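Below: one structure, written as structure tokens.
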Amino acid sequence: MLSYKTKWFTSSTLLLVVFVFFSGCTTTTKVERIATDEVKDLSGQWNDTDSRLVSEEMMTDVLSKPWIDNYRSQHNKSPAVIVGEVRNLSHEHLNVNAFLNDVERALINSGRVKVVASNVERQEIREERKDQDIHAREDTRKTIGKELGADFMLKGSINSIIDSEGNQSVKFYQIDLVLISLTDNDKVWIGQKKIKKFVEKRTVRP
Amino acid sequence: MHTLGKRLSSCLHYQHGFALVFIITLCGSGCASYSYTFNAVENAMAESKPAEALIILDKIHDNKGVLYNLNKAILLRMQGKFSESNEAFELSKKLIETYEAVSVTEQTGSFVVNDTTRTYIGEDYEQILLHFYESLNYLELDDRYAARVEALQADLKLNQLARDKTKGFYTEDAFVRYFSGILYEELGEWSNAMIAYRKAYKTYLKQRTQYFVPIPESLKYALLRLAEREGLTDELKQYQNEFSIEEWSSVNNGLEKGEFIYVLNSGLAPMKKEKALQVIAPSSGQFIRISAPYYQVRDDNVAKVIIHASNESRDQAWQTIADLVENVDAIALETLAAQMPAITARAVARAVVKYNVNKQVQKQNDALGIFMNLVTAFTERADTRSWLTLPKNIYLARIALVPGNYSIRVELLNAQNALVETYEYHDIAIKAQKNHYVSQHRISTLSSNRGGT
């Protein structure tokens, strides 16, 4: 039989264990490096994989359509494209800039079109040119008025529809892009890509 | 039969009395009512010192959970730090998503220790208002499409609430719908705006006997404008009859103007306090405590908000009265009232569990029984957590102005129509087809109903 002191000690310890148990467990962060093209869906939200896959597929499509050859045969040069605004009309604060970068990269790397710097980038370059005008050596100075004007603007939107019931939801993303001629507002290409995800949230945790 | 007092004094003679002191200290520090610790934050807010309030908030929150981040977000937006405020809101959302799954451990804890063992993820109305404030932050940062994301997230959450049969009365938020409508209208999404305005109107009508918010005048004009724009002839006639309004400015007229939109967050949301029933069971001499929360409404001396706008040359002036658009007090009180049966049932269940445990321990060892009785009674605390930096009332004013620079004067009047405070905003640049948002948080220093136990 346990002595009084031992019982006292055992009960107090038990009580403390109960308190610690209820005060929450701490977890340590585990980090594991993975390949950048590895697909890892965690929350079901728009992620880097969606951005990459959509931009790659849509840019492959835009580059394979006849508008490029039509332009080349008429003007005897590659068309210059500017990537305009892609509006986020979805339910998430998704990173549109990362998507735009993916789009620009795919266009430039194809070698079939020229890509003009964006509005914000141009302002910065112009500032630098002004600075060169004062500080740079004359033979290295870049003069104003020689910028490449874009022939087409690529713009669009990312929409989403979410249907949910309880802990289950279906997320549907629709990405619409359109390429418009800056000369005559002619829409030379319209692309659409859809993504559908089924997300099931856990209902119980420890 | 032993009385508790006699047994306690004999207990203190035991050489292990230090353990009792230790455990009482341990649970005492963790059991202090949340609302009580918040007084210092409120005082700093009332003195218009949100930066100081944030420093105090950091000190009182060991657990940087949902509640901390919600309060932090409001204190940051009070300082005009809208981006940082949104970071805190986004973190709150992530934590809510993580902890909304039911925890077996925490649920057990709520039946054994008290309701505060459950991770706080905010009441439904708090989760919805989170989207409103994040949206307002984006609008003050001039990012319409990010604000639109918040409108969609609020819509998603409200639709989920409406489908959930276990939810009480608060399954729709008239003001949040109205605010989404304003945003859609600015973006030229006429049908979305019409749908949002219509939902707002129906909800205001349905909830006015519970939440005491009349249909905002600016919403009436918005409904007429949009119904006309969308060619909804019958609906337009219905609104004309219901509102008795014959003249309004059309959507096309509005395209030449921009709107100045003013949001006043007045006072502070009610504070949960603890009420406890303490008895000594005659049969066993056990000390039994059952506690539950109740709301204490805080005073606010604002009853009327008048907005004056004048152009740069001061040759033209406009005036409008802001509408009361959200009564947070009423929503909070109704929410707690709906939860009371479950809260009471858990408190009674806890009392039974604790009583039986104490009885068993007492059989083994009398002193330990007393000790256990004290600990279990001491840990019986009500859950007084709530988003305390939310306002008591939200007022909204809309003035359509031709493009130009304006000075705005906002007058806050009390119930006797006496001026209690004035705010002035200068160089407000109004552009065509763009809304200019300005918001203000005001906590009355005259409030006598703050503080507490």
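Following the order of the structure tokens, first chain is A, next is B, and so on, with residues numbered from 1 inside each chain and ligands from 1 in the order they appear.
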Could you write out as a CSV table (one decimal) with all heavy atoms, in the first residue's frame the residues of chain A within 7 Å of chain B, counting only C-alpha atoms?
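Written file, iface.csv:
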chain,number,residue,atom,x,y,z
A,22,PHE,N,-3.8,20.0,-20.8
A,22,PHE,CA,-4.9,20.9,-21.4
A,22,PHE,C,-4.3,22.3,-21.8
A,22,PHE,O,-5.0,23.0,-22.5
A,22,PHE,CB,-6.0,21.1,-20.3
A,22,PHE,CG,-6.9,20.0,-20.2
A,22,PHE,CD1,-7.1,19.3,-19.0
A,22,PHE,CD2,-7.5,19.5,-21.3
A,22,PHE,CE1,-7.9,18.3,-18.9
A,22,PHE,CE2,-8.4,18.4,-21.2
A,22,PHE,CZ,-8.6,17.8,-20.0
A,88,ASN,N,-7.6,40.1,-60.5
A,88,ASN,CA,-7.9,39.0,-59.6
A,88,ASN,C,-9.4,39.1,-59.2
A,88,ASN,O,-9.7,40.0,-58.3
A,88,ASN,CB,-7.0,39.0,-58.4
A,88,ASN,CG,-7.4,38.0,-57.4
A,88,ASN,OD1,-8.1,37.0,-57.7
A,88,ASN,ND2,-7.0,38.1,-56.1
A,89,LEU,N,-10.3,38.4,-59.8
A,89,LEU,CA,-11.7,38.4,-59.4
A,89,LEU,C,-12.1,37.2,-58.6
A,89,LEU,O,-13.2,36.8,-58.5
A,89,LEU,CB,-12.6,38.5,-60.7
A,89,LEU,CG,-12.3,39.7,-61.6
A,89,LEU,CD1,-13.2,39.6,-62.8
A,89,LEU,CD2,-12.5,41.0,-60.9
A,90,SER,N,-11.1,36.5,-58.1
A,90,SER,CA,-11.3,35.3,-57.3
A,90,SER,C,-11.6,35.5,-55.9
A,90,SER,O,-11.6,36.6,-55.4
A,90,SER,CB,-10.1,34.4,-57.5
A,90,SER,OG,-9.1,34.8,-56.6
A,91,HIS,N,-11.8,34.4,-55.1
A,91,HIS,CA,-12.0,34.5,-53.7
A,91,HIS,C,-10.7,34.6,-52.9
A,91,HIS,O,-10.8,34.6,-51.6
A,91,HIS,CB,-12.8,33.2,-53.2
A,91,HIS,CG,-14.2,33.1,-53.7
A,91,HIS,ND1,-14.5,32.8,-55.0
A,91,HIS,CD2,-15.3,33.3,-53.0
A,91,HIS,CE1,-15.8,32.8,-55.1
A,91,HIS,NE2,-16.3,33.1,-54.0
A,92,GLU,N,-9.6,34.6,-53.5
A,92,GLU,CA,-8.4,34.5,-52.8
A,92,GLU,C,-7.4,35.7,-53.1
A,92,GLU,O,-7.5,36.2,-54.3
A,92,GLU,CB,-7.6,33.2,-53.1
A,92,GLU,CG,-8.3,32.0,-52.6
A,92,GLU,CD,-7.8,30.7,-53.3
A,92,GLU,OE1,-6.6,30.7,-53.7
A,92,GLU,OE2,-8.5,29.8,-53.4
A,93,HIS,N,-6.6,36.1,-52.2
A,93,HIS,CA,-5.6,37.1,-52.4
A,93,HIS,C,-4.4,36.4,-53.1
A,93,HIS,O,-3.4,36.2,-52.6
A,93,HIS,CB,-5.1,37.8,-51.2
A,93,HIS,CG,-6.2,38.6,-50.5
A,93,HIS,ND1,-6.6,39.8,-51.0
A,93,HIS,CD2,-7.0,38.4,-49.4
A,93,HIS,CE1,-7.6,40.3,-50.3
A,93,HIS,NE2,-7.8,39.4,-49.3
A,202,ARG,N,-10.4,18.8,-42.6
A,202,ARG,CA,-10.5,17.9,-41.5
A,202,ARG,C,-11.6,18.5,-40.5
A,202,ARG,O,-11.7,19.7,-40.4
A,202,ARG,CB,-9.2,17.6,-40.7
A,202,ARG,CG,-8.6,18.9,-40.2
A,202,ARG,CD,-7.3,18.6,-39.4
A,202,ARG,NE,-6.9,19.8,-38.8
A,202,ARG,CZ,-6.0,19.9,-37.9
A,202,ARG,NH1,-5.4,18.8,-37.4
A,202,ARG,NH2,-5.6,21.0,-37.3
A,203,THR,N,-12.3,17.6,-39.9
A,203,THR,CA,-13.4,18.1,-39.0
A,203,THR,C,-13.0,17.9,-37.5
A,203,THR,O,-13.6,18.5,-36.6
A,203,THR,CB,-14.7,17.3,-39.2
A,203,THR,OG1,-14.4,15.9,-39.2
A,203,THR,CG2,-15.4,17.7,-40.5
A,204,VAL,N,-12.0,17.0,-37.3
A,204,VAL,CA,-11.6,16.8,-35.9
A,204,VAL,C,-10.1,16.9,-35.8
A,204,VAL,O,-9.4,16.6,-36.8
A,204,VAL,CB,-12.0,15.3,-35.5
A,204,VAL,CG1,-11.5,15.0,-34.1
A,204,VAL,CG2,-13.5,15.2,-35.6
A,205,ARG,N,-9.6,17.5,-34.8
A,205,ARG,CA,-8.2,17.6,-34.5
A,205,ARG,C,-7.9,17.1,-33.1
A,205,ARG,O,-8.8,16.9,-32.3
A,205,ARG,CB,-7.7,19.0,-34.7
A,205,ARG,CG,-8.3,20.0,-33.8
A,205,ARG,CD,-7.9,21.4,-34.2
A,205,ARG,NE,-8.7,22.4,-33.5
A,205,ARG,CZ,-8.4,22.9,-32.3
A,205,ARG,NH1,-7.3,22.6,-31.7
A,205,ARG,NH2,-9.3,23.8,-31.8
A,206,PRO,N,-6.6,16.8,-32.8
A,206,PRO,CA,-6.3,16.2,-31.5
A,206,PRO,C,-6.7,17.1,-30.3
A,206,PRO,O,-6.8,18.3,-30.5
A,206,PRO,CB,-4.8,16.0,-31.5
A,206,PRO,CG,-4.4,16.1,-32.9
A,206,PRO,CD,-5.4,16.9,-33.6
Show which residues sit within 8 Å of A:Arg52, as JSON, numbers by chain. Count only C-alpha atoms, and ignore same-chain residues fewer than 4 positions away. {"A": [48, 56, 99, 102]}
Nearest candidate to A:Ala80 (options A:Ala150, A:Lys40, A:Arg112, A:Arg33; using only C-alpha atoms):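 Among A:Ala150, A:Lys40, A:Arg112, A:Arg33, it is A:Ala150 that comes nearest to A:Ala80.
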May I have all residues of stretch 116-154 of chain A that DSSP, computed from the backbone, assigns to helix (DSSP H, G or I), given as a PyMOL selection string? chain A and resi 119-135+138-140
Nearby residues (only C-alpha atoms) at most 9 Å from B:Leu129, same-chain spacing under 2 positions excluded, as a compact mmCIF listing (two decimals) with N, CA and C atoms, in the first residue's frame:
# COMPACT_ATOMS: atom_id res chain seq x y z
N ASP B 124 -19.37 34.00 -35.09
CA ASP B 124 -19.66 34.14 -36.52
C ASP B 124 -19.64 35.60 -36.96
N TYR B 125 -20.24 36.48 -36.15
CA TYR B 125 -20.29 37.89 -36.55
C TYR B 125 -18.90 38.51 -36.54
N GLU B 126 -18.03 38.01 -35.65
CA GLU B 126 -16.65 38.52 -35.63
C GLU B 126 -15.89 38.08 -36.88
N GLN B 127 -16.12 36.83 -37.27
CA GLN B 127 -15.47 36.32 -38.48
C GLN B 127 -15.94 37.08 -39.73
N HIS B 131 -13.78 40.38 -42.38
CA HIS B 131 -13.73 40.64 -43.83
C HIS B 131 -14.06 42.10 -44.15
N PHE B 132 -15.02 42.67 -43.40
CA PHE B 132 -15.37 44.07 -43.63
C PHE B 132 -14.16 44.97 -43.36
N TYR B 133 -13.51 44.76 -42.21
CA TYR B 133 -12.38 45.64 -41.87
C TYR B 133 -11.19 45.43 -42.79
N GLU B 134 -10.96 44.18 -43.21
CA GLU B 134 -9.86 43.96 -44.14
C GLU B 134 -10.18 44.64 -45.48
N ALA B 154 -16.53 37.08 -47.60
CA ALA B 154 -17.65 37.32 -46.67
C ALA B 154 -18.91 36.65 -47.21
N ASP B 173 -25.61 39.26 -42.70
CA ASP B 173 -25.20 40.54 -42.16
C ASP B 173 -25.57 41.64 -43.15
N VAL B 176 -22.68 44.21 -44.04
CA VAL B 176 -21.59 43.65 -44.85
C VAL B 176 -22.06 43.48 -46.31
N LEU B 390 -13.75 45.81 -31.35
CA LEU B 390 -14.82 46.10 -32.31
C LEU B 390 -15.63 47.29 -31.80
Polymer residues at most 12 Å from B:Gln238, only C-alpha atoms, same-chain spacing of 5 or more positions, as an mmCIF file with N, CA and C atoms, in the first residue's frame:
data_model
loop_
_atom_site.group_PDB
_atom_site.id
_atom_site.type_symbol
_atom_site.label_atom_id
_atom_site.label_comp_id
_atom_site.auth_asym_id
_atom_site.auth_seq_id
_atom_site.Cartn_x
_atom_site.Cartn_y
_atom_site.Cartn_z
ATOM 1 N N LYS B 220 -31.555 53.091 -49.564
ATOM 2 C CA LYS B 220 -32.809 53.281 -50.305
ATOM 3 C C LYS B 220 -32.519 53.890 -51.673
ATOM 4 N N LEU B 223 -30.800 51.418 -54.003
ATOM 5 C CA LEU B 223 -31.740 50.434 -54.566
ATOM 6 C C LEU B 223 -32.518 51.032 -55.738
ATOM 7 N N LEU B 224 -32.967 52.280 -55.560
ATOM 8 C CA LEU B 224 -33.724 52.949 -56.626
ATOM 9 C C LEU B 224 -32.849 53.141 -57.869
ATOM 10 N N ALA B 227 -32.012 49.617 -59.424
ATOM 11 C CA ALA B 227 -33.203 48.969 -59.999
ATOM 12 C C ALA B 227 -33.534 49.652 -61.328
ATOM 13 N N GLU B 228 -33.383 50.973 -61.358
ATOM 14 C CA GLU B 228 -33.627 51.718 -62.598
ATOM 15 C C GLU B 228 -32.589 51.343 -63.654
ATOM 16 N N LEU B 232 -35.368 47.016 -63.801
ATOM 17 C CA LEU B 232 -36.280 46.203 -62.980
ATOM 18 C C LEU B 232 -37.492 47.078 -62.606
ATOM 19 N N THR B 233 -38.400 47.239 -63.560
ATOM 20 C CA THR B 233 -39.504 48.196 -63.421
ATOM 21 C C THR B 233 -40.391 47.918 -62.210
ATOM 22 N N PHE B 243 -40.435 53.409 -49.980
ATOM 23 C CA PHE B 243 -39.587 54.471 -49.421
ATOM 24 C C PHE B 243 -40.224 55.864 -49.545
ATOM 25 N N SER B 244 -41.286 55.969 -50.351
ATOM 26 C CA SER B 244 -41.909 57.270 -50.640
ATOM 27 C C SER B 244 -40.884 58.271 -51.150
ATOM 28 N N ILE B 245 -40.066 57.826 -52.068
ATOM 29 C CA ILE B 245 -39.061 58.712 -52.682
ATOM 30 C C ILE B 245 -39.415 58.859 -54.163
ATOM 31 N N GLU B 246 -39.493 60.086 -54.621
ATOM 32 C CA GLU B 246 -39.876 60.345 -56.011
ATOM 33 C C GLU B 246 -38.687 60.686 -56.892
#
In terms of the shortest atom-to-atom distance over only C-alpha atoms, which of B:Val402, B:Met340, B:Leu205, B:Val213 is closest to B:Gly254?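 Closest to B:Gly254 of all the choices is B:Val402.
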Long-range neighbours of stretch 82-84 of chain A as a PyMOL selection string, 8 Å cut-off, only C-alpha atoms, 3 positions minimum in chain: chain A and resi 100+104+115-118+150-155
Let me see the file: selected residues, C-alpha atoms, as a compact mmCIF listing (two decimals), in the first residue's frame.
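Final file, again36.txt:
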# COMPACT_ATOMS: atom_id res chain seq x y z
CA LEU A 100 2.48 37.66 -64.72
CA GLU A 104 6.37 36.96 -69.39
CA VAL A 115 8.14 41.49 -74.59
CA VAL A 116 8.05 45.17 -73.64
CA ALA A 117 8.71 46.26 -70.06
CA SER A 118 5.66 47.03 -67.99
CA ALA A 150 4.23 47.31 -78.06
CA ASP A 151 2.03 45.97 -80.88
CA PHE A 152 -0.23 43.86 -78.67
CA MET A 153 -1.41 43.91 -75.08
CA LEU A 154 -2.12 40.74 -73.14
CA LYS A 155 -4.69 41.18 -70.37
Need the shell around stretch 182-192 of chain B: protein/DNA/RNA residues with any atom at most 10 Å away, counting only C-alpha atoms. Skip same-chain ones fewer than 6 positions apart. Format as an MDAnalysis selection string? chainID B and resid 135 139 144:145 147:148 151 198 219 222 226:227 229:230 251 255 258:259 261 398 433:435
Residue subset to file, keeping N, CA, C and O atoms, as a short mmCIF file (atom, residue, chain, number, x, y, z; two decimals), in the first residue's frame:
data_model
loop_
_atom_site.label_atom_id
_atom_site.label_comp_id
_atom_site.auth_asym_id
_atom_site.auth_seq_id
_atom_site.Cartn_x
_atom_site.Cartn_y
_atom_site.Cartn_z
N SER B 135 -11.43 44.55 -45.87
CA SER B 135 -11.87 45.19 -47.11
C SER B 135 -11.69 46.71 -47.02
O SER B 135 -11.17 47.35 -47.94
N LEU B 139 -9.46 49.29 -49.25
CA LEU B 139 -10.05 50.45 -49.92
C LEU B 139 -9.31 51.72 -49.53
O LEU B 139 -9.09 52.60 -50.36
N ARG B 144 -8.98 48.25 -54.97
CA ARG B 144 -10.38 47.80 -55.08
C ARG B 144 -10.51 46.29 -55.23
O ARG B 144 -11.41 45.68 -54.67
N TYR B 145 -9.61 45.71 -56.04
CA TYR B 145 -9.79 44.29 -56.35
C TYR B 145 -9.42 43.39 -55.16
O TYR B 145 -10.00 42.33 -55.00
N ALA B 147 -10.00 44.39 -52.11
CA ALA B 147 -11.19 44.58 -51.27
C ALA B 147 -12.32 43.67 -51.76
O ALA B 147 -13.09 43.12 -50.98
N ARG B 148 -12.38 43.51 -53.09
CA ARG B 148 -13.41 42.65 -53.70
C ARG B 148 -13.23 41.19 -53.27
O ARG B 148 -14.22 40.47 -53.08
N ALA B 151 -14.93 40.85 -50.09
CA ALA B 151 -16.39 40.81 -50.26
C ALA B 151 -16.83 39.40 -50.65
O ALA B 151 -17.84 38.89 -50.15
N ARG B 198 -29.93 44.37 -52.61
CA ARG B 198 -31.21 43.70 -52.35
C ARG B 198 -31.11 42.81 -51.11
O ARG B 198 -31.99 42.82 -50.24
N LEU B 219 -29.01 53.47 -48.60
CA LEU B 219 -29.31 52.19 -49.25
C LEU B 219 -30.60 52.31 -50.07
O LEU B 219 -30.70 51.74 -51.17
N ALA B 222 -29.68 53.86 -53.26
CA ALA B 222 -28.88 52.92 -54.05
C ALA B 222 -29.78 51.89 -54.73
O ALA B 222 -29.58 51.56 -55.91
N LEU B 226 -30.07 51.54 -58.79
CA LEU B 226 -29.66 50.29 -59.44
C LEU B 226 -30.85 49.56 -60.08
O LEU B 226 -30.71 48.98 -61.15
N ALA B 227 -32.01 49.62 -59.42
CA ALA B 227 -33.20 48.97 -60.00
C ALA B 227 -33.53 49.65 -61.33
O ALA B 227 -33.87 48.99 -62.31
N ARG B 229 -31.32 51.27 -63.23
CA ARG B 229 -30.23 50.95 -64.17
C ARG B 229 -30.41 49.55 -64.78
O ARG B 229 -30.15 49.33 -65.95
N GLU B 230 -30.87 48.61 -63.97
CA GLU B 230 -31.02 47.23 -64.42
C GLU B 230 -32.36 46.98 -65.11
O GLU B 230 -32.65 45.86 -65.51
N VAL B 251 -27.78 56.31 -62.21
CA VAL B 251 -26.41 55.77 -62.29
C VAL B 251 -25.61 56.59 -63.29
O VAL B 251 -24.45 56.95 -63.05
N LEU B 255 -21.94 58.80 -62.89
CA LEU B 255 -20.68 58.48 -63.56
C LEU B 255 -19.74 59.70 -63.67
O LEU B 255 -18.53 59.55 -63.80
N GLY B 258 -17.69 61.27 -58.09
CA GLY B 258 -17.05 60.26 -57.25
C GLY B 258 -17.69 60.37 -55.89
O GLY B 258 -18.25 61.42 -55.55
N GLU B 259 -17.63 59.32 -55.10
CA GLU B 259 -18.29 59.38 -53.79
C GLU B 259 -17.27 59.51 -52.66
O GLU B 259 -16.22 58.85 -52.68
N ILE B 261 -16.90 58.44 -49.00
CA ILE B 261 -17.55 57.46 -48.12
C ILE B 261 -16.88 57.49 -46.75
O ILE B 261 -15.67 57.31 -46.64
N ARG B 398 -22.49 58.55 -47.36
CA ARG B 398 -22.06 58.60 -48.76
C ARG B 398 -22.44 59.96 -49.33
O ARG B 398 -23.59 60.37 -49.22
N GLN B 433 -16.04 58.48 -60.88
CA GLN B 433 -16.22 57.01 -60.83
C GLN B 433 -15.32 56.32 -59.82
O GLN B 433 -15.01 55.14 -59.96
N LYS B 434 -14.83 57.09 -58.85
CA LYS B 434 -14.00 56.47 -57.80
C LYS B 434 -14.51 56.89 -56.43
O LYS B 434 -14.88 58.06 -56.24
N ASN B 435 -14.53 55.96 -55.53
CA ASN B 435 -14.93 56.30 -54.17
C ASN B 435 -13.70 56.64 -53.35
O ASN B 435 -12.65 56.02 -53.51
#
Excluding B:Ile443 and any residue of its chain fewer than 5 positions from it, enumerate the residues within 10 Å of it, using only C-alpha atoms, and give them as a list in words.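 Contacts, with the query itself left out: Glu42, Asn43, Ala44, Met45, Ala46, Glu47, Ser48, Asn265, Ser266, Gly267, Leu268, Arg298, Asp299, Asp300, Asn301, Val302, Thr389, Pro391 and Lys392 of chain B.
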Those residues with C-alpha atoms, as a PDB file, in the first residue's frame please?
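The resulting file, selection.pdb, is shown below:
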ATOM      1  CA  GLU B  42      -9.189  50.132 -23.649  1.00  0.00           C
ATOM      2  CA  ASN B  43      -7.986  53.061 -21.606  1.00  0.00           C
ATOM      3  CA  ALA B  44      -5.175  53.694 -24.104  1.00  0.00           C
ATOM      4  CA  MET B  45      -7.705  53.432 -26.949  1.00  0.00           C
ATOM      5  CA  ALA B  46     -10.034  55.914 -25.272  1.00  0.00           C
ATOM      6  CA  GLU B  47      -7.100  58.320 -25.009  1.00  0.00           C
ATOM      7  CA  SER B  48      -6.538  57.869 -28.768  1.00  0.00           C
ATOM      8  CA  ASN B 265     -16.606  53.077 -35.745  1.00  0.00           C
ATOM      9  CA  SER B 266     -18.182  54.448 -32.610  1.00  0.00           C
ATOM     10  CA  GLY B 267     -17.630  53.178 -29.079  1.00  0.00           C
ATOM     11  CA  LEU B 268     -16.680  49.649 -28.132  1.00  0.00           C
ATOM     12  CA  ARG B 298     -20.409  50.010 -22.878  1.00  0.00           C
ATOM     13  CA  ASP B 299     -21.594  53.594 -23.032  1.00  0.00           C
ATOM     14  CA  ASP B 300     -21.125  55.762 -26.060  1.00  0.00           C
ATOM     15  CA  ASN B 301     -22.277  59.333 -26.347  1.00  0.00           C
ATOM     16  CA  VAL B 302     -22.620  59.509 -30.142  1.00  0.00           C
ATOM     17  CA  THR B 389     -11.764  46.392 -30.065  1.00  0.00           C
ATOM     18  CA  PRO B 391     -17.055  49.176 -32.198  1.00  0.00           C
ATOM     19  CA  LYS B 392     -20.432  49.421 -30.536  1.00  0.00           C
TER      20      LYS B 392
END
Residue with smallest distance to B:Met78 - pool B:Ser218, B:Gln339, B:Gln362, B:Gln440, counting only C-alpha atoms: B:Gln440
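Atom CA of B:Pro216 sits 29.2 Å away from atom CA of B:Glu312.
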